[in-house]
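Participant: Right, I'll just put the structure down here and ask away after.
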Amino acid sequence: MSKPYLSFVLKSFKYYIFLFLIFDLNASEQIDINELLTDIDVASKFEERREGLMFRKSIPKNYGMFFVWDYKRQQCMWMKDTSLSLSVAYISNKGEILEIYDLVPFSKKSVCSKNSVRYALEVNRGWFKKNNINIGDSINIKGIISNDN
């Protein structure tokens with residue numbers, strides 16, 4: 001083999017590995033949240049969103065409340081009259097988790113999304129971490145919304 005050819009092959013191989021790593025890092029499967037959460041309530045009406053999980057003493061460990069707003073904008077949550085330790089994920093129209101926050105029980109401080117969103121998912125605190133769900137992951141929101149009665 002000639003030196004120029006060998007050099008070409010080695011450079012090509014390096015670029016191939018580089019591209020493979022880049023595409024592998026950006027590849028994410030859509031998570032079927034219905035497989036992880038055995039019970040999901042959809043809060044799509046104003047009254048449902050306003051009440052959220054207030055006044056509940058407990059929720060099952062694999063329970064979530066999925067919030068649907070009428071339009072995309074910065075959305076806010078608070079924990080007034082909510083004794084539970086919760087986490088919230090703000091979610092894009094495509095189902096990508098954009099932000100995750102831990103919420104403080106009984107706090108009247110609003111926890112707002114930095115991005116414009118239409119969806120949020122509230123679960124027990126630590127649930128996202130326990131299930132290895134992170135910012136940038138995508139969930140199947142159509143499967144959740146189809147269960148809204």
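Letters A, B, ... mark the chains of the structure tokens in the order given; residue numbers begin at 1 per chain; ligand numbers begin at 1, in order shown.
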Show me, as a PyMOL selection string, the residues that have an atom within 6 Å of Tyr90 (chain A) when counting only C-alpha atoms, minus same-chain residues fewer than 5 positions from it.
Facilitator: chain A and resi 98-99+120
Participant: Which value, in Å to one decimal, gives the distance between CA of Arg73 (chain A) and CA of Asn115 (chain A)?
Facilitator: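 We find that CA of Arg73 (chain A) and CA of Asn115 (chain A) lie 7.3 Å from each other.
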Participant: I'd like the contact shell of Ile135 (chain A) - 12 Å cut-off, only C-alpha atoms, skipping same-chain residues fewer than 4 positions apart - returned as a PyMOL selection string.
Facilitator: chain A and resi 28+88-92+95-101+128-129+139
Participant: In Å, rounded to a single decimal, give me how far CA of Lys80 (chain A) is from CA of Asn140 (chain A).
Facilitator: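 CA of Lys80 (chain A) lies 29.2 Å from CA of Asn140 (chain A).
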Participant: Using the chain letters and numbers from this document, which residues of region 10-117 of chain A does DSSP assign to strand (DSSP E or B), as number ranges by chain?
Facilitator: A: 30-31, 39-43, 63-73, 76-77, 86-91, 96-103, 111-112, 117
Participant: Show which residues sit within 12 Å of Lys130 (chain A), as a PyMOL selection string. Count only C-alpha atoms, and ignore same-chain residues fewer than 5 positions away.
Facilitator: chain A and resi 36+61-62+87+123-125
Participant: Taking into account only C-alpha atoms, which residue in the set A:Ile59, A:Leu86, A:Met77, A:Val42 is nearest to Glu122 (chain A)?
Facilitator: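 Ranking A:Ile59, A:Leu86, A:Met77, A:Val42 by distance to Glu122 (chain A), first place goes to A:Leu86.
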